[in-house]
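Chemist: Enclosed is the structure file start30.csv (CSV, C-alpha atoms).
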chain,number,residue,atom,x,y,z
X,1331,MET,CA,154.8,-142.5,31.3
X,1332,ALA,CA,152.5,-139.7,32.0
X,1333,ARG,CA,152.7,-136.6,29.9
X,1334,PRO,CA,153.3,-133.4,31.7
X,1335,THR,CA,150.2,-131.2,31.7
X,1336,LYS,CA,150.4,-127.8,30.1
X,1337,ALA,CA,150.2,-125.0,32.7
X,1338,LYS,CA,147.1,-122.9,32.3
X,1339,ASP,CA,147.6,-119.2,31.5
X,1340,PRO,CA,146.8,-117.1,34.5
X,1341,LYS,CA,143.7,-114.9,34.2
X,1342,PRO,CA,144.5,-111.2,33.5
X,1343,LYS,CA,144.1,-108.9,36.4
X,1344,ALA,CA,141.6,-106.1,36.4
X,1345,GLU,CA,144.3,-103.5,35.8
X,1346,ASP,CA,145.6,-105.4,32.8
X,1347,ALA,CA,142.2,-105.8,31.5
X,1348,GLU,CA,141.7,-102.0,31.5
X,1349,GLU,CA,145.0,-101.6,29.6
X,1350,ILE,CA,144.0,-103.9,26.8
X,1351,LEU,CA,140.7,-102.3,26.2
X,1352,GLU,CA,140.3,-101.7,22.6
X,1353,GLU,CA,140.5,-98.2,21.1
X,1354,GLY,CA,137.0,-96.7,20.9
X,1355,SER,CA,135.7,-98.5,24.0
X,1356,PRO,CA,133.1,-96.6,26.1
X,1357,ARG,CA,135.7,-95.8,28.8
X,1358,GLN,CA,138.1,-94.3,26.4
X,1359,SER,CA,135.4,-92.2,24.8
X,1360,ILE,CA,134.4,-90.8,28.2
X,1361,ASP,CA,138.0,-89.8,29.0
X,1362,ILE,CA,138.2,-88.0,25.6
X,1363,ILE,CA,135.0,-86.1,26.3
X,1364,ASN,CA,136.2,-85.1,29.7
X,1365,ILE,CA,139.4,-83.8,28.3
X,1366,VAL,CA,137.6,-81.8,25.6
X,1367,ILE,CA,135.2,-80.3,28.2
X,1368,MET,CA,138.1,-79.3,30.5
X,1369,ALA,CA,139.9,-77.7,27.5
X,1370,LEU,CA,136.8,-75.8,26.6
X,1371,VAL,CA,136.2,-74.5,30.1
X,1372,ILE,CA,139.8,-73.3,30.3
X,1373,PHE,CA,139.5,-71.6,26.9
X,1374,LEU,CA,136.2,-69.8,27.9
X,1375,SER,CA,137.6,-68.8,31.2
X,1376,THR,CA,140.7,-67.3,29.6
X,1377,THR,CA,138.6,-65.6,26.9
X,1378,PHE,CA,136.2,-64.0,29.4
X,1379,SER,CA,139.0,-62.9,31.7
X,1380,SER,CA,140.7,-61.2,28.7
X,1381,ALA,CA,137.5,-59.5,27.7
X,1382,ALA,CA,136.9,-58.2,31.2
X,1383,SER,CA,140.5,-57.0,31.4
X,1384,ILE,CA,140.1,-55.2,28.0
X,1385,TYR,CA,136.8,-53.7,29.1
X,1386,PHE,CA,138.2,-52.2,32.3
X,1387,LEU,CA,141.7,-51.4,31.2
X,1388,ALA,CA,141.1,-50.1,27.7
X,1389,PRO,CA,139.7,-46.7,28.9
X,1390,ILE,CA,142.7,-46.1,31.2
X,1391,ALA,CA,145.2,-47.0,28.4
X,1392,LEU,CA,143.4,-45.0,25.7
X,1393,LYS,CA,142.7,-41.8,27.7
X,1394,PRO,CA,146.2,-40.3,27.3
X,1395,ILE,CA,146.1,-41.0,23.6
X,1396,LEU,CA,142.7,-39.5,23.1
X,1397,SER,CA,143.7,-36.4,25.1
X,1398,GLN,CA,146.7,-35.9,22.8
X,1399,ILE,CA,144.5,-36.3,19.7
X,1400,THR,CA,142.1,-33.7,21.1
X,1401,VAL,CA,144.9,-31.2,21.8
X,1402,LYS,CA,146.2,-31.6,18.3
X,1403,THR,CA,142.8,-31.3,16.8
X,1404,THR,CA,142.0,-28.1,18.7
X,1405,GLY,CA,145.3,-26.5,18.0
X,1406,GLY,CA,147.1,-27.1,21.3
X,1407,ASP,CA,147.3,-24.8,24.3
X,1408,ALA,CA,147.1,-21.6,22.2
X,1409,ALA,CA,143.7,-22.6,20.8
X,1410,ALA,CA,142.5,-23.7,24.3
X,1411,GLY,CA,143.3,-20.3,25.8
X,1412,ASP,CA,141.6,-18.4,22.9
X,1413,ASP,CA,137.8,-18.4,23.3
X,1414,SER,CA,137.3,-15.4,21.0
X,1415,GLY,CA,135.7,-17.5,18.2
X,1416,SER,CA,133.8,-19.9,20.4
X,1417,GLU,CA,131.6,-17.6,22.4
X,1418,ALA,CA,129.6,-14.5,21.5
X,1419,PRO,CA,130.8,-11.3,23.1
X,1420,ALA,CA,129.0,-10.3,26.3
X,1421,GLU,CA,126.2,-7.7,26.0
X,1422,PRO,CA,127.2,-4.3,27.4
X,1423,THR,CA,125.6,-3.4,30.8
X,1424,ILE,CA,125.4,0.4,30.2
X,1425,GLY,CA,124.6,2.6,27.2
X,1426,PRO,CA,123.1,5.9,26.3
X,1427,VAL,CA,119.6,6.5,27.6
X,1428,LEU,CA,116.7,7.2,25.2
X,1429,PRO,CA,113.9,9.0,27.1
X,1430,LEU,CA,110.3,8.3,25.9
X,1431,GLU,CA,108.6,10.8,28.1
X,1432,GLU,CA,105.5,10.1,30.2
X,1433,PHE,CA,102.8,7.6,29.3
X,1434,THR,CA,99.2,7.7,30.5
X,1435,VAL,CA,97.1,4.8,29.3
X,1436,ASN,CA,94.0,2.9,30.1
X,1437,LEU,CA,94.6,-0.7,31.3
X,1438,LYS,CA,92.6,-3.8,30.3
X,1439,ASP,CA,90.6,-4.1,33.6
X,1440,THR,CA,87.0,-5.1,33.0
X,1441,THR,CA,85.4,-4.6,36.5
X,1442,THR,CA,86.5,-1.0,36.8
X,1443,GLU,CA,88.3,1.6,34.8
X,1444,ARG,CA,92.0,1.7,35.7
X,1445,TYR,CA,94.8,3.6,34.1
X,1446,LEU,CA,98.6,3.8,34.4
X,1447,ARG,CA,100.9,6.8,34.4
X,1448,ALA,CA,104.6,6.1,34.1
X,1449,ASN,CA,107.9,7.5,32.7
X,1450,ILE,CA,109.7,5.0,30.6
X,1451,SER,CA,113.1,5.2,29.0
X,1452,LEU,CA,115.4,2.7,27.2
X,1453,SER,CA,119.1,2.1,27.7
X,1454,ILE,CA,120.5,1.2,24.3
X,1455,THR,CA,123.8,0.0,23.0
X,1456,ALA,CA,126.0,2.9,21.8
X,1457,ASP,CA,127.7,1.2,18.9
X,1458,ASP,CA,130.5,3.7,19.3
X,1459,PRO,CA,133.8,3.2,21.1
X,1460,LYS,CA,133.8,6.8,22.2
X,1461,PHE,CA,130.8,6.4,24.5
X,1462,GLY,CA,131.7,6.6,28.1
X,1463,THR,CA,135.1,8.2,27.5
X,1464,LEU,CA,133.9,11.7,26.8
X,1465,THR,CA,133.3,14.4,29.4
X,1466,GLY,CA,131.8,17.8,29.6
X,1467,GLU,CA,130.7,19.5,26.4
X,1468,ALA,CA,132.0,16.6,24.3
X,1469,ALA,CA,129.8,14.2,26.2
X,1470,THR,CA,126.8,16.5,25.8
X,1471,LYS,CA,127.3,16.9,22.1
X,1472,TRP,CA,127.6,13.1,21.7
X,1473,GLN,CA,124.3,12.6,23.6
X,1474,ASP,CA,122.5,15.2,21.4
X,1475,GLU,CA,123.8,13.5,18.2
X,1476,PHE,CA,122.6,10.2,19.5
X,1477,LYS,CA,119.1,11.5,20.3
X,1478,ALA,CA,118.9,13.1,16.8
X,1479,GLU,CA,119.8,9.7,15.3
X,1480,MET,CA,117.1,8.0,17.3
X,1481,ALA,CA,114.5,10.7,16.9
X,1482,SER,CA,113.0,9.0,13.8
X,1483,TYR,CA,112.5,5.8,15.9
X,1484,VAL,CA,110.8,7.4,18.9
X,1485,PRO,CA,107.2,7.5,17.5
X,1486,SER,CA,107.3,3.8,16.6
X,1487,ILE,CA,108.9,2.9,20.0
X,1488,ARG,CA,106.2,4.8,21.8
X,1489,ASP,CA,103.6,2.9,19.9
X,1490,ILE,CA,105.2,-0.4,20.8
X,1491,VAL,CA,105.2,0.6,24.5
X,1492,ILE,CA,101.6,1.7,24.4
X,1493,ALA,CA,100.5,-1.5,22.8
X,1494,SER,CA,102.3,-3.5,25.5
X,1495,LEU,CA,100.8,-1.5,28.3
X,1496,THR,CA,97.1,-1.4,27.2
X,1497,LYS,CA,96.8,-5.1,26.9
X,1498,ARG,CA,97.6,-5.7,30.5
X,1499,THR,CA,95.5,-5.4,33.7
X,1500,SER,CA,96.4,-3.5,36.8
X,1501,ALA,CA,96.8,-6.9,38.6
X,1502,GLU,CA,99.4,-8.0,36.1
X,1503,LEU,CA,101.4,-4.8,36.4
X,1504,SER,CA,101.2,-4.8,40.2
X,1505,THR,CA,103.6,-7.8,40.5
X,1506,ALA,CA,107.4,-8.0,39.9
X,1507,ILE,CA,106.9,-10.8,37.4
X,1508,GLY,CA,104.3,-8.8,35.5
X,1509,LYS,CA,106.6,-5.8,35.2
X,1510,GLN,CA,109.5,-8.0,34.1
X,1511,THR,CA,107.3,-9.6,31.4
X,1512,LEU,CA,106.4,-6.2,30.2
X,1513,LYS,CA,110.0,-5.2,30.0
X,1514,ASP,CA,111.0,-8.3,28.1
X,1515,GLU,CA,108.2,-7.8,25.5
X,1516,ILE,CA,109.1,-4.1,24.9
X,1517,LYS,CA,112.8,-5.1,24.6
X,1518,GLN,CA,112.1,-7.8,22.0
X,1519,ASN,CA,109.8,-5.6,19.9
X,1520,VAL,CA,112.1,-2.6,19.9
X,1521,ASP,CA,115.1,-4.8,19.0
X,1522,GLY,CA,113.1,-6.0,16.0
X,1523,LEU,CA,112.4,-2.4,15.0
X,1524,LEU,CA,116.1,-1.3,15.3
X,1525,GLN,CA,117.1,-4.4,13.2
X,1526,GLY,CA,120.5,-4.8,14.8
X,1527,LYS,CA,121.8,-1.2,14.5
X,1528,HIS,CA,121.3,-0.8,18.2
X,1529,LYS,CA,119.9,-3.2,20.9
X,1530,VAL,CA,118.0,-2.5,24.0
X,1531,ILE,CA,120.1,-3.2,27.1
X,1532,ARG,CA,117.4,-2.4,29.7
X,1533,VAL,CA,113.8,-0.9,29.9
X,1534,ASN,CA,113.6,1.6,32.7
X,1535,LEU,CA,110.3,2.2,34.5
X,1536,GLU,CA,110.0,5.3,36.6
X,1537,ASN,CA,107.0,6.9,38.5
X,1538,PHE,CA,105.0,3.8,37.8
X,1539,ILE,CA,101.6,4.7,39.2
X,1540,ILE,CA,98.3,2.7,38.7
X,1541,GLN,CA,95.1,4.5,39.6
Just dump the structure as structure tokens.
Modeler:
Amino acid sequence: MARPTKAKDPKPKAEDAEEILEEGSPRQSIDIINIVIMALVIFLSTTFSSAASIYFLAPIALKPILSQITVKTTGGDAAAGDDSGSEAPAEPTIGPVLPLEEFTVNLKDTTTERYLRANISLSITADDPKFGTLTGEAATKWQDEFKAEMASYVPSIRDIVIASLTKRTSAELSTAIGKQTLKDEIKQNVDGLLQGKHKVIRVNLENFIIQ
């Protein structure tokens, strides 16, 4: 009697073959690498997005906090409205006038002899709260006392003015810029002479004639 033949095992399908791939096979390694790369891309995208958000949003969020800190540091609204300690007081625009009489000097022209005749006076800070409030005889008396105080300075001031005039040419003193430069130099040198007791507000040029 013939023996029954044993049925042959069917060949595994392609899908089943992929399922039974051993761990560590090339296909599985590629899948793991792809997963790692995707995770890394997502992480980096999230990180850069967060950094960009912080960069643009941080100033907006911190501005109110910084403004509060600034207000507290400067002492609040009271300190902000009080500028007495932060800026120097403005220089006065008027003051008693110190006349220096007439000057007649030779100028520094080389081609021909030129000379200047001019009346020059100085407006000087009063350093006295009463200045400008007095009238009549009281104002005249105050002015006489001021001239007596400044009398000892007048010879030195005249010397400063003469030195400033004689080193200039007629061409220099014929222009507005030249006259202003002269005034600035006289003011600076006279201020140095007075040493802060008074300051020159303005140098006044009158009857300024070049011949």
Chemist: List as number ranges by chain the protein and nucleic acid residues near Phe1433 in chain X, meaning an atom at most 8 Å away when all atoms listed in the file are counted, but skip any in the same chain fewer than 6 places from it.
Modeler: X: 1446-1450, 1492
Chemist: Looking at all atoms listed in the file, which of X:Thr1455, X:Leu1437, X:Glu1443, X:Gly1466 is the one that sits closest to Ile1531 in chain X?
Modeler: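 The shortest atom-to-atom distance to Ile1531 in chain X comes from X:Thr1455.
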Chemist: Rounded to one decimal in Å, what is the spacing between CA of Tyr1445 in chain X and CA of Ile1539 in chain X?
Modeler: 8.6 Å
Chemist: Would you please work out which residue, of X:Gln1473, X:Ser1482, X:Asn1436, X:Thr1463, is nearest to Ser1494 in chain X when using all atoms listed in the file?
Modeler: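 Distance minimum relative to Ser1494 in chain X lands on X:Asn1436.
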Chemist: Work out how far CA of Thr1442 in chain X is from CA of Thr1499 in chain X, in Å to one decimal.
Modeler: 10.5 Å
Chemist: Between X:Met1368, X:Val1491, X:Leu1524, X:Leu1428, which one has atoms that come closest to Asp1474 in chain X, using all atoms listed in the file?
Modeler: X:Leu1428
Chemist: Could you give me, as a PyMOL selection string, the residues within 12 Å of Trp1472 in chain X, counting all atoms listed in the file and dropping anything in the same chain fewer than 3 positions from it?
Modeler: chain X and resi 1426-1427+1456+1458-1469+1475-1479
Chemist: Counting all atoms listed in the file, I want the residues whose atoms come within 8 Å of (116.2, -5.1, 30.7) in the file frame, returned as a list of chain:residue names.
Modeler: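 Every residue inside that radius is included here: X:Lys1513, X:Asp1514, X:Lys1517, X:Val1530, X:Ile1531, X:Arg1532, X:Val1533, X:Asn1534.
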Chemist: One number please: CA of Ala1506 in chain X to CA of Pro1485 in chain X, in Å, one decimal.
Modeler: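 Between these atoms lies a distance of 27.2 Å.
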Chemist: For Ala1493 in chain X, which residue out of X:Thr1423, X:Asn1519, X:Thr1441, X:Asn1537 is the nearest one, using all atoms listed in the file?
Modeler: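 Smallest separation from Ala1493 in chain X among the options: X:Asn1519.
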Chemist: Here is a test: counting all atoms listed in the file, which residue of X:Arg1444, X:Val1484, X:Ile1424, X:Glu1536 is nearest to Ser1500 in chain X?
Modeler: X:Arg1444
